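Input: a single structure, listed below in structure tokens.
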Protein chains: 2
Amino acid sequence: MTKEKKITLAEGAGGEKMIEFIRRFILQNLETPSGEIPLGMLDDSAVIDGIVFTTDSYVVKPLFFPGGDVGSLAVSGTINDLSVMGSLPIALSCSLIISDGFSLDDLDKILGSMRDYSKRAKVPIVTGDTKVVEKAALDGLFINTSGIGRRSPYLDANIKAIRKRRKYEYNWPNDSAVASGDKIIVSGTVGDHGVALLSFREGYGFETKIKSDAQPLNQMIEKALKIGGITAMKDPTRGGVANALNEWAEKSKVGIVIDEDHIPFNEAVISACEMLGIDPLEIGNEGKALIAVVPELADDVLKALKATEEGRSAAIIGEANSEYRGVAMRTSVGGTRIVEPPVGDPVPRIC
Amino acid sequence: MTKEKKITLAEGAGGEKMIEFIRRFILQNLETPSGEIPLGMLDDSAVIDGIVFTTDSYVVKPLFFPGGDVGSLAVSGTINDLSVMGSLPIALSCSLIISDGFSLDDLDKILGSMRDYSKRAKVPIVTGDTKVVEKAALDGLFINTSGIGRRSPYLDANIKAIRKRRKYEYNWPNDSAVASGDKIIVSGTVGDHGVALLSFREGYGFETKIKSDAQPLNQMIEKALKIGGITAMKDPTRGGVANALNEWAEKSKVGIVIDEDHIPFNEAVISACEMLGIDPLEIGNEGKALIAVVPELADDVLKALKATEEGRSAAIIGEANSEYRGVAMRTSVGGTRIVEPPVGDPVPRIC
């Protein structure tokens, strides 16, 4: 008798185990290569027939947290997945799975957040579905938001600006398109969402100083694309900056070196991570983008980002190079350490 | 102190209570009228910027049942929601929420079904998401599939064929577009999915004779649209044919009369419903479409449907008229009874 194989929390945590699981189970079963950016590229969104398409289910716990709730998170996260592909988000769907007995006041608050964030981002919610199941089957509420977008009007000029400076074989920014020399920008402070969630959930007390950064980035990204030269974008959610940069390094077959001193952090996030023994680079963000840019235009893109509310703390944190593979960090004390992709997620159910 | 208001299973059951809930909570919060077929029309899919967009979460219990599983259901249901709008489905998303410890063999079977049904329907799955949560939060697995489609190449000619015969102010078939005189077709036997689920779940024993009808209808619908004259289409899922026809009657401001003798039923479904005291018209279907057609073209559309595997039992079951409102049925024994929209769902968690 063989033991039945079972899924574990690590397979859903956004790290290396999840990638293994996706290759073994999801791609093997589902992939029928379709579209310009197909499923197998494992990018933030797919592109098929000119439509950018993405989906995410939100199982965050608790549903309300400092700086947001599952509704604001669901709207922001899906808009951001569309935006980092270089698309203009057109519309979202909202599918609710709710347990019997769930508070209608809480539901009103969550839907109100979805409305507010969708209005602020100017991306309407156009279709939906609601299921109610027994409490034994589900404790609380899950939201799925899917989203559709169209190619940004600035994307052709953005790519032309890259091609003036180097070879670029892609039609969309994507995880496989980073090349040696590209500067790496992060659009703001790192680690806020995951640490805010963890601290609030466990009652560590940092939550008075740390709020989730969940916010839609479509308008900020539009301004950056207008400058041009952006080769790849990614929102570092589950698995954090460490996971996102490792995905770029692996798919683009480059090395990435970042400088610890240049990464913007909230001081309270650093204190909390030190106390809890967590690496802030492995913590999920929900309102930040990593942006790779050809070096000649990096300062201009940075300036455009810093002129926006969402990107005011943006910084160039490193660059890609062809000397080696993987991700390394020059530390504040003068050494260099490898930044590994997290195996699992130090903070489960943050999104 | 006021008692906190809570959601109940009835609000998710697809009947009148659900419509009330959607108007009070969902539309009040989320609606920002957008697109040609906006959220507020509560149709099977939205249409925005030329893209047909829909979403559904599948919480069926059990996950495997006679005639299918949650995977084949999720692919079929979302393709059907796109198809009944008169669109060609282009792509699906697949978002999984799985509980810790879920069998990887079962997951493989479910994903295998999704692959098979998606290949058969020629609609690829292009993007996805996977979350794993603790067993205390979720018992089993939920799937959300969203889908996108483009206007069918036959839709313009279909609408032209209507306009040759009567006024038609819409650009897409929709729930508000049925008019007096339209014939009502159902594409096959009624009640199979819900009764198969219920019987299998409760061990009534009818499941040896009744299988779920879950199947993608896009190719069948394409052939019907090619004939022309189709004014509205709808897949009678939660709340069944009774709910779907009442939605048409209410939104289109017409009466609908159907003939019991003309409705195709599997005999075993009738026996099961009689024994269980359930109205087969209130039971969900997952591989059937209701189609309203201008009378002059109804026989031709019926013939085209009957020439397909999915539509071989199709029948004209009634017509719309302006003499009264609501839905009525001429019964086999010679009387007429009102077909009310179900308040809740007699069979919960069938999709």
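Within each chain, counting starts at residue 1; across the structure tokens, chains are named A, B, ... in the order shown, with ligands numbered 1 upward in that order.
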
Next on the checklist: Please find the residues of chain A near chain B - the criterion being any atom within 7 Å, counting only C-alpha atoms - and write them as a PyMOL selection string.
Outcome noted: chain A and resi 4-9+11-12+25+29-30+32+34+38-39+45-46+54-57+93+95+100-104+108+111-112+115+124-133+137-139+146

Item to check | Residue set, segment 122-293 of chain B restricted to strand (DSSP E), as a VMD selection string | outcome: chain B and resid 125 to 133 141 to 151 183 to 186 230 to 234 255 to 259 290 to 293

Could those selected residues go to a file with C-alpha atoms, as a PDB file, in the first residue's frame?
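Okay, selection-v3.pdb is ready:
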ATOM      1  CA  ILE B 125      -6.894  27.838 -20.029  1.00  0.00           C
ATOM      2  CA  VAL B 126      -4.347  30.647 -20.196  1.00  0.00           C
ATOM      3  CA  THR B 127      -3.870  31.994 -16.676  1.00  0.00           C
ATOM      4  CA  GLY B 128      -4.319  30.765 -13.121  1.00  0.00           C
ATOM      5  CA  ASP B 129      -3.722  31.033  -9.408  1.00  0.00           C
ATOM      6  CA  THR B 130      -3.388  28.502  -6.585  1.00  0.00           C
ATOM      7  CA  LYS B 131      -3.982  29.091  -2.891  1.00  0.00           C
ATOM      8  CA  VAL B 132      -3.671  26.468  -0.158  1.00  0.00           C
ATOM      9  CA  VAL B 133      -5.374  27.135   3.203  1.00  0.00           C
ATOM     10  CA  LEU B 141     -11.487  22.492  -3.003  1.00  0.00           C
ATOM     11  CA  PHE B 142     -13.145  25.422  -4.764  1.00  0.00           C
ATOM     12  CA  ILE B 143     -12.433  26.438  -8.360  1.00  0.00           C
ATOM     13  CA  ASN B 144     -13.042  29.810  -9.921  1.00  0.00           C
ATOM     14  CA  THR B 145     -13.035  29.990 -13.692  1.00  0.00           C
ATOM     15  CA  SER B 146     -13.385  33.308 -15.425  1.00  0.00           C
ATOM     16  CA  GLY B 147     -13.652  33.589 -19.163  1.00  0.00           C
ATOM     17  CA  ILE B 148     -13.293  36.030 -22.009  1.00  0.00           C
ATOM     18  CA  GLY B 149     -14.903  35.969 -25.419  1.00  0.00           C
ATOM     19  CA  ARG B 150     -15.311  37.994 -28.575  1.00  0.00           C
ATOM     20  CA  ARG B 151     -18.466  38.749 -30.517  1.00  0.00           C
ATOM     21  CA  LYS B 183     -40.547  30.792 -29.489  1.00  0.00           C
ATOM     22  CA  ILE B 184     -38.743  29.282 -26.495  1.00  0.00           C
ATOM     23  CA  ILE B 185     -36.436  26.338 -27.179  1.00  0.00           C
ATOM     24  CA  VAL B 186     -34.631  24.188 -24.625  1.00  0.00           C
ATOM     25  CA  ILE B 230     -32.042  34.343 -31.804  1.00  0.00           C
ATOM     26  CA  THR B 231     -33.158  37.126 -29.458  1.00  0.00           C
ATOM     27  CA  ALA B 232     -31.955  35.756 -26.083  1.00  0.00           C
ATOM     28  CA  MET B 233     -30.094  32.759 -24.667  1.00  0.00           C
ATOM     29  CA  LYS B 234     -29.563  31.599 -21.093  1.00  0.00           C
ATOM     30  CA  GLY B 255     -45.365  36.675 -20.335  1.00  0.00           C
ATOM     31  CA  ILE B 256     -43.994  33.216 -21.150  1.00  0.00           C
ATOM     32  CA  VAL B 257     -46.193  30.123 -21.579  1.00  0.00           C
ATOM     33  CA  ILE B 258     -44.653  26.672 -21.810  1.00  0.00           C
ATOM     34  CA  ASP B 259     -46.216  23.259 -22.469  1.00  0.00           C
ATOM     35  CA  LEU B 290     -32.784  28.166 -23.277  1.00  0.00           C
ATOM     36  CA  ILE B 291     -33.018  29.936 -26.617  1.00  0.00           C
ATOM     37  CA  ALA B 292     -35.623  32.527 -27.634  1.00  0.00           C
ATOM     38  CA  VAL B 293     -36.108  32.867 -31.402  1.00  0.00           C
TER      39      VAL B 293
END

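Once Gly287 of chain B and its same-chain neighbours fewer than 5 positions away are set aside, Ser76, Gly77, Asn80, Asp213, Ala214, Gln215, Pro216, Leu217, Asp235 and Glu310 of chain B remain within 8 Å of it when counting only C-alpha atoms.
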
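Comparing B:Asp279, B:Glu20, B:Glu309, B:Glu267 by their smallest distance to Phe206 of chain B, the closest is B:Glu267 (using only C-alpha atoms).
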
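Put simply, atom CA of Ile317 of chain A is 21.8 Å away from atom CA of Ala161 of chain A.
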
Which parts of segment 201-239 of chain A does DSSP call alpha helix (DSSP H) when run on the backbone here, written out as a JSON list (two decimals) with all heavy atoms, in the first residue's frame?
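part-v3.json was written with the following content:
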[["chain", "number", "residue", "atom", "x", "y", "z"],
["A", 201, "ARG", "N", -2.12, 40.05, 13.22],
["A", 201, "ARG", "CA", -2.70, 38.74, 13.47],
["A", 201, "ARG", "C", -2.19, 38.13, 14.76],
["A", 201, "ARG", "O", -2.94, 37.53, 15.53],
["A", 201, "ARG", "CB", -2.29, 37.84, 12.29],
["A", 201, "ARG", "CG", -3.16, 36.68, 12.06],
["A", 201, "ARG", "CD", -3.10, 36.27, 10.61],
["A", 201, "ARG", "NE", -1.80, 35.79, 10.21],
["A", 201, "ARG", "CZ", -1.48, 35.50, 8.94],
["A", 201, "ARG", "NH1", -2.36, 35.67, 7.97],
["A", 201, "ARG", "NH2", -0.29, 35.08, 8.63],
["A", 202, "GLU", "N", -0.90, 38.32, 15.00],
["A", 202, "GLU", "CA", -0.30, 37.67, 16.16],
["A", 202, "GLU", "C", -0.27, 38.59, 17.37],
["A", 202, "GLU", "O", 0.15, 38.18, 18.45],
["A", 202, "GLU", "CB", 1.14, 37.22, 15.82],
["A", 202, "GLU", "CG", 1.26, 36.41, 14.54],
["A", 202, "GLU", "CD", 0.55, 35.06, 14.59],
["A", 202, "GLU", "OE1", 0.35, 34.54, 15.72],
["A", 202, "GLU", "OE2", 0.15, 34.53, 13.53],
["A", 218, "ASN", "N", -1.95, 51.05, -11.29],
["A", 218, "ASN", "CA", -2.08, 51.26, -12.74],
["A", 218, "ASN", "C", -1.72, 52.67, -13.17],
["A", 218, "ASN", "O", -1.07, 52.86, -14.20],
["A", 218, "ASN", "CB", -3.48, 50.86, -13.23],
["A", 218, "ASN", "CG", -4.61, 51.53, -12.48],
["A", 218, "ASN", "OD1", -4.52, 51.76, -11.27],
["A", 218, "ASN", "ND2", -5.69, 51.85, -13.18],
["A", 219, "GLN", "N", -2.11, 53.67, -12.38],
["A", 219, "GLN", "CA", -1.86, 55.05, -12.81],
["A", 219, "GLN", "C", -0.37, 55.40, -12.70],
["A", 219, "GLN", "O", 0.19, 56.07, -13.59],
["A", 219, "GLN", "CB", -2.78, 56.00, -12.04],
["A", 219, "GLN", "CG", -4.24, 55.83, -12.51],
["A", 219, "GLN", "CD", -5.29, 56.33, -11.52],
["A", 219, "GLN", "OE1", -4.98, 56.66, -10.38],
["A", 219, "GLN", "NE2", -6.53, 56.37, -11.95],
["A", 220, "MET", "N", 0.29, 54.89, -11.66],
["A", 220, "MET", "CA", 1.73, 55.10, -11.50],
["A", 220, "MET", "C", 2.50, 54.44, -12.64],
["A", 220, "MET", "O", 3.41, 55.03, -13.23],
["A", 220, "MET", "CB", 2.20, 54.53, -10.15],
["A", 220, "MET", "CG", 3.70, 54.65, -9.94],
["A", 220, "MET", "SD", 4.29, 53.61, -8.56],
["A", 220, "MET", "CE", 4.42, 52.00, -9.37],
["A", 221, "ILE", "N", 2.12, 53.20, -12.95],
["A", 221, "ILE", "CA", 2.84, 52.45, -13.98],
["A", 221, "ILE", "C", 2.67, 53.10, -15.36],
["A", 221, "ILE", "O", 3.60, 53.15, -16.16],
["A", 221, "ILE", "CB", 2.39, 50.97, -13.96],
["A", 221, "ILE", "CG1", 3.03, 50.28, -12.74],
["A", 221, "ILE", "CG2", 2.76, 50.25, -15.26],
["A", 221, "ILE", "CD1", 2.60, 48.85, -12.51],
["A", 222, "GLU", "N", 1.48, 53.63, -15.60],
["A", 222, "GLU", "CA", 1.22, 54.34, -16.85],
["A", 222, "GLU", "C", 2.22, 55.48, -17.03],
["A", 222, "GLU", "O", 2.74, 55.70, -18.13],
["A", 222, "GLU", "CB", -0.22, 54.86, -16.78],
["A", 222, "GLU", "CG", -0.92, 55.08, -18.08],
["A", 222, "GLU", "CD", -0.88, 53.89, -19.03],
["A", 222, "GLU", "OE1", -0.67, 52.75, -18.60],
["A", 222, "GLU", "OE2", -1.03, 54.15, -20.24],
["A", 223, "LYS", "N", 2.49, 56.20, -15.95],
["A", 223, "LYS", "CA", 3.43, 57.34, -16.04],
["A", 223, "LYS", "C", 4.86, 56.86, -16.30],
["A", 223, "LYS", "O", 5.62, 57.53, -16.99],
["A", 223, "LYS", "CB", 3.35, 58.16, -14.75],
["A", 223, "LYS", "CG", 1.97, 58.83, -14.63],
["A", 223, "LYS", "CD", 1.99, 60.08, -13.79],
["A", 223, "LYS", "CE", 0.67, 60.83, -13.95],
["A", 223, "LYS", "NZ", -0.37, 60.42, -12.96],
["A", 224, "ALA", "N", 5.21, 55.71, -15.73],
["A", 224, "ALA", "CA", 6.56, 55.18, -15.96],
["A", 224, "ALA", "C", 6.71, 54.69, -17.40],
["A", 224, "ALA", "O", 7.72, 54.94, -18.06],
["A", 224, "ALA", "CB", 6.84, 54.05, -14.98],
["A", 225, "LEU", "N", 5.67, 54.03, -17.91],
["A", 225, "LEU", "CA", 5.71, 53.51, -19.29],
["A", 225, "LEU", "C", 5.84, 54.64, -20.30],
["A", 225, "LEU", "O", 6.42, 54.47, -21.37],
["A", 225, "LEU", "CB", 4.43, 52.72, -19.60],
["A", 225, "LEU", "CG", 4.40, 51.24, -19.25],
["A", 225, "LEU", "CD1", 3.05, 50.66, -19.63],
["A", 225, "LEU", "CD2", 5.51, 50.47, -19.97],
["A", 226, "LYS", "N", 5.26, 55.79, -19.96],
["A", 226, "LYS", "CA", 5.30, 56.95, -20.84],
["A", 226, "LYS", "C", 6.74, 57.42, -21.07],
["A", 226, "LYS", "O", 7.06, 57.94, -22.13],
["A", 226, "LYS", "CB", 4.48, 58.07, -20.16],
["A", 226, "LYS", "CG", 3.79, 59.00, -21.11],
["A", 226, "LYS", "CD", 2.83, 59.92, -20.37],
["A", 226, "LYS", "CE", 2.49, 61.13, -21.22],
["A", 226, "LYS", "NZ", 1.54, 62.01, -20.52],
["A", 227, "ILE", "N", 7.61, 57.21, -20.06],
["A", 227, "ILE", "CA", 9.02, 57.56, -20.22],
["A", 227, "ILE", "C", 9.69, 56.60, -21.21],
["A", 227, "ILE", "O", 10.41, 57.01, -22.11],
["A", 227, "ILE", "CB", 9.77, 57.49, -18.86],
["A", 227, "ILE", "CG1", 9.11, 58.41, -17.83],
["A", 227, "ILE", "CG2", 11.26, 57.83, -19.04],
["A", 227, "ILE", "CD1", 9.14, 59.88, -18.18]]

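Atom pair atom CA of Ala320 of chain A / atom CA of Ala179 of chain A: separated by 6.3 Å.
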
Contact residues around Thr331 of chain A with only C-alpha atoms at 10 Å, ignoring same-chain residues under 2 positions, as a PDB file with N, CA and C atoms, in the first residue's frame:
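Saved file part_11.pdb follows:
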ATOM      1  N   ILE A 258      21.646  43.428  -5.967  1.00  0.00           N
ATOM      2  CA  ILE A 258      20.985  44.586  -5.357  1.00  0.00           C
ATOM      3  C   ILE A 258      21.822  45.074  -4.162  1.00  0.00           C
ATOM      4  N   ASP A 259      21.603  46.343  -3.813  1.00  0.00           N
ATOM      5  CA  ASP A 259      22.320  46.950  -2.684  1.00  0.00           C
ATOM      6  C   ASP A 259      21.377  47.118  -1.514  1.00  0.00           C
ATOM      7  N   GLU A 260      21.693  46.474  -0.404  1.00  0.00           N
ATOM      8  CA  GLU A 260      20.834  46.571   0.785  1.00  0.00           C
ATOM      9  C   GLU A 260      20.588  48.036   1.158  1.00  0.00           C
ATOM     10  N   ASP A 261      21.646  48.844   1.071  1.00  0.00           N
ATOM     11  CA  ASP A 261      21.531  50.254   1.480  1.00  0.00           C
ATOM     12  C   ASP A 261      20.567  51.055   0.611  1.00  0.00           C
ATOM     13  N   HIS A 262      20.291  50.565  -0.583  1.00  0.00           N
ATOM     14  CA  HIS A 262      19.427  51.342  -1.479  1.00  0.00           C
ATOM     15  C   HIS A 262      17.960  50.923  -1.413  1.00  0.00           C
ATOM     16  N   ALA A 328      22.032  38.259  -5.868  1.00  0.00           N
ATOM     17  CA  ALA A 328      22.949  38.531  -4.750  1.00  0.00           C
ATOM     18  C   ALA A 328      22.667  39.919  -4.198  1.00  0.00           C
ATOM     19  N   MET A 329      23.054  40.127  -2.946  1.00  0.00           N
ATOM     20  CA  MET A 329      22.855  41.440  -2.334  1.00  0.00           C
ATOM     21  C   MET A 329      24.149  41.899  -1.679  1.00  0.00           C
ATOM     22  N   VAL A 333      26.928  45.941   5.681  1.00  0.00           N
ATOM     23  CA  VAL A 333      28.220  45.810   6.355  1.00  0.00           C
ATOM     24  C   VAL A 333      29.363  45.514   5.383  1.00  0.00           C
ATOM     25  N   GLY A 334      29.087  45.494   4.090  1.00  0.00           N
ATOM     26  CA  GLY A 334      30.189  45.390   3.132  1.00  0.00           C
ATOM     27  C   GLY A 334      30.359  44.033   2.478  1.00  0.00           C
ATOM     28  N   GLY A 335      29.614  43.029   2.900  1.00  0.00           N
ATOM     29  CA  GLY A 335      29.737  41.697   2.286  1.00  0.00           C
ATOM     30  C   GLY A 335      28.759  41.518   1.135  1.00  0.00           C
ATOM     31  N   THR A 336      28.694  40.301   0.620  1.00  0.00           N
ATOM     32  CA  THR A 336      27.702  39.957  -0.404  1.00  0.00           C
ATOM     33  C   THR A 336      27.044  38.655   0.017  1.00  0.00           C
ATOM     34  N   ARG A 337      25.699  38.621  -0.034  1.00  0.00           N
ATOM     35  CA  ARG A 337      25.046  37.344   0.269  1.00  0.00           C
ATOM     36  C   ARG A 337      24.096  36.961  -0.852  1.00  0.00           C
TER      37      ARG A 337
END

Next on the checklist: I want to know what sits within 10 Å of Ser313 of chain B, based on only C-alpha atoms, with residues of the same chain fewer than 5 positions away left out; could you give that as a PyMOL selection string?
Outcome noted: chain B and resi 186-189+263-265+302+305-308

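You will find atom CA of Ser252 of chain B at 5.5 Å from atom CA of Val178 of chain B.
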
Next on the checklist: Please list as a PyMOL selection string every residue within 9 Å of Asp192 of chain B, counting only C-alpha atoms and excluding residues in the same chain fewer than 4 positions away.
Outcome noted: chain B and resi 196-197+210-213+265-266+269+280+283-286

Write the residues of the selection above to a file with N, CA, C and O atoms, as a CSV table (one decimal), in the first residue's frame.
chain,number,residue,atom,x,y,z
B,196,ALA,N,-29.0,14.3,-10.6
B,196,ALA,CA,-27.8,13.4,-10.5
B,196,ALA,C,-27.0,13.7,-9.2
B,196,ALA,O,-26.7,12.8,-8.4
B,197,LEU,N,-26.8,14.9,-9.0
B,197,LEU,CA,-26.0,15.4,-7.8
B,197,LEU,C,-26.7,15.0,-6.5
B,197,LEU,O,-26.2,14.4,-5.6
B,210,ILE,N,-29.2,8.4,-13.9
B,210,ILE,CA,-29.1,9.8,-14.2
B,210,ILE,C,-27.7,10.3,-14.1
B,210,ILE,O,-27.1,10.1,-13.1
B,211,LYS,N,-27.2,11.0,-15.2
B,211,LYS,CA,-25.9,11.5,-15.1
B,211,LYS,C,-26.0,13.0,-15.3
B,211,LYS,O,-26.9,13.5,-15.9
B,212,SER,N,-25.0,13.8,-14.7
B,212,SER,CA,-24.9,15.2,-14.9
B,212,SER,C,-24.8,15.5,-16.4
B,212,SER,O,-24.2,14.7,-17.1
B,213,ASP,N,-25.4,16.6,-16.8
B,213,ASP,CA,-25.3,17.0,-18.3
B,213,ASP,C,-24.2,18.0,-18.5
B,213,ASP,O,-24.1,18.5,-19.6
B,265,PHE,N,-37.7,15.5,-20.8
B,265,PHE,CA,-37.2,15.0,-19.5
B,265,PHE,C,-36.7,13.6,-19.7
B,265,PHE,O,-37.3,12.8,-20.4
B,266,ASN,N,-35.7,13.2,-18.9
B,266,ASN,CA,-35.3,11.8,-18.7
B,266,ASN,C,-36.3,11.2,-17.8
B,266,ASN,O,-36.7,11.9,-16.8
B,269,VAL,N,-35.4,11.1,-14.2
B,269,VAL,CA,-35.5,12.4,-13.5
B,269,VAL,C,-36.9,12.7,-13.0
B,269,VAL,O,-37.1,13.1,-11.8
B,280,PRO,N,-38.8,19.5,-11.2
B,280,PRO,CA,-37.6,19.4,-12.1
B,280,PRO,C,-37.3,20.7,-12.8
B,280,PRO,O,-36.2,20.9,-13.2
B,283,ILE,N,-34.6,22.7,-10.8
B,283,ILE,CA,-33.3,22.1,-10.6
B,283,ILE,C,-32.3,22.6,-11.6
B,283,ILE,O,-32.7,22.8,-12.8
B,284,GLY,N,-31.1,22.8,-11.2
B,284,GLY,CA,-30.1,23.3,-12.1
B,284,GLY,C,-29.6,22.4,-13.1
B,284,GLY,O,-29.5,21.1,-12.9
B,285,ASN,N,-29.3,22.9,-14.3
B,285,ASN,CA,-28.7,22.2,-15.4
B,285,ASN,C,-27.4,22.8,-15.7
B,285,ASN,O,-27.1,24.0,-15.5
B,286,GLU,N,-26.5,22.0,-16.3
B,286,GLU,CA,-25.1,22.5,-16.6
B,286,GLU,C,-24.7,22.3,-18.0
B,286,GLU,O,-23.5,22.5,-18.3

Checklist entry - For Ile270 of chain B, which residue out of B:Val254, B:Val195, B:Ile316, B:Leu297 is the nearest one, using only C-alpha atoms? => result B:Val195

Item to check | Polymer residues at most 9 Å from Pro295 of chain B, only C-alpha atoms, same-chain spacing of 5 or more positions, as a VMD selection string | outcome: chain B and resid 181 to 183 229 319

What does the file look like for those residues with N, CA and C atoms, as a tab-separated table (two decimals), in the first residue's frame?
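Result file again_11.tsv:
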chain	number	residue	atom	x	y	z
B	181	GLY	N	-44.32	36.65	-29.02
B	181	GLY	CA	-44.23	35.90	-30.27
B	181	GLY	C	-43.00	35.02	-30.35
B	182	ASP	N	-41.91	35.39	-29.65
B	182	ASP	CA	-40.69	34.57	-29.69
B	182	ASP	C	-40.99	33.16	-29.21
B	183	LYS	N	-40.45	32.19	-29.92
B	183	LYS	CA	-40.55	30.79	-29.49
B	183	LYS	C	-39.43	30.52	-28.49
B	229	GLY	N	-31.88	34.92	-35.98
B	229	GLY	CA	-33.18	35.16	-35.36
B	229	GLY	C	-33.22	34.90	-33.87
B	319	GLU	N	-43.79	29.82	-25.83
B	319	GLU	CA	-43.59	31.09	-26.52
B	319	GLU	C	-43.86	32.26	-25.56
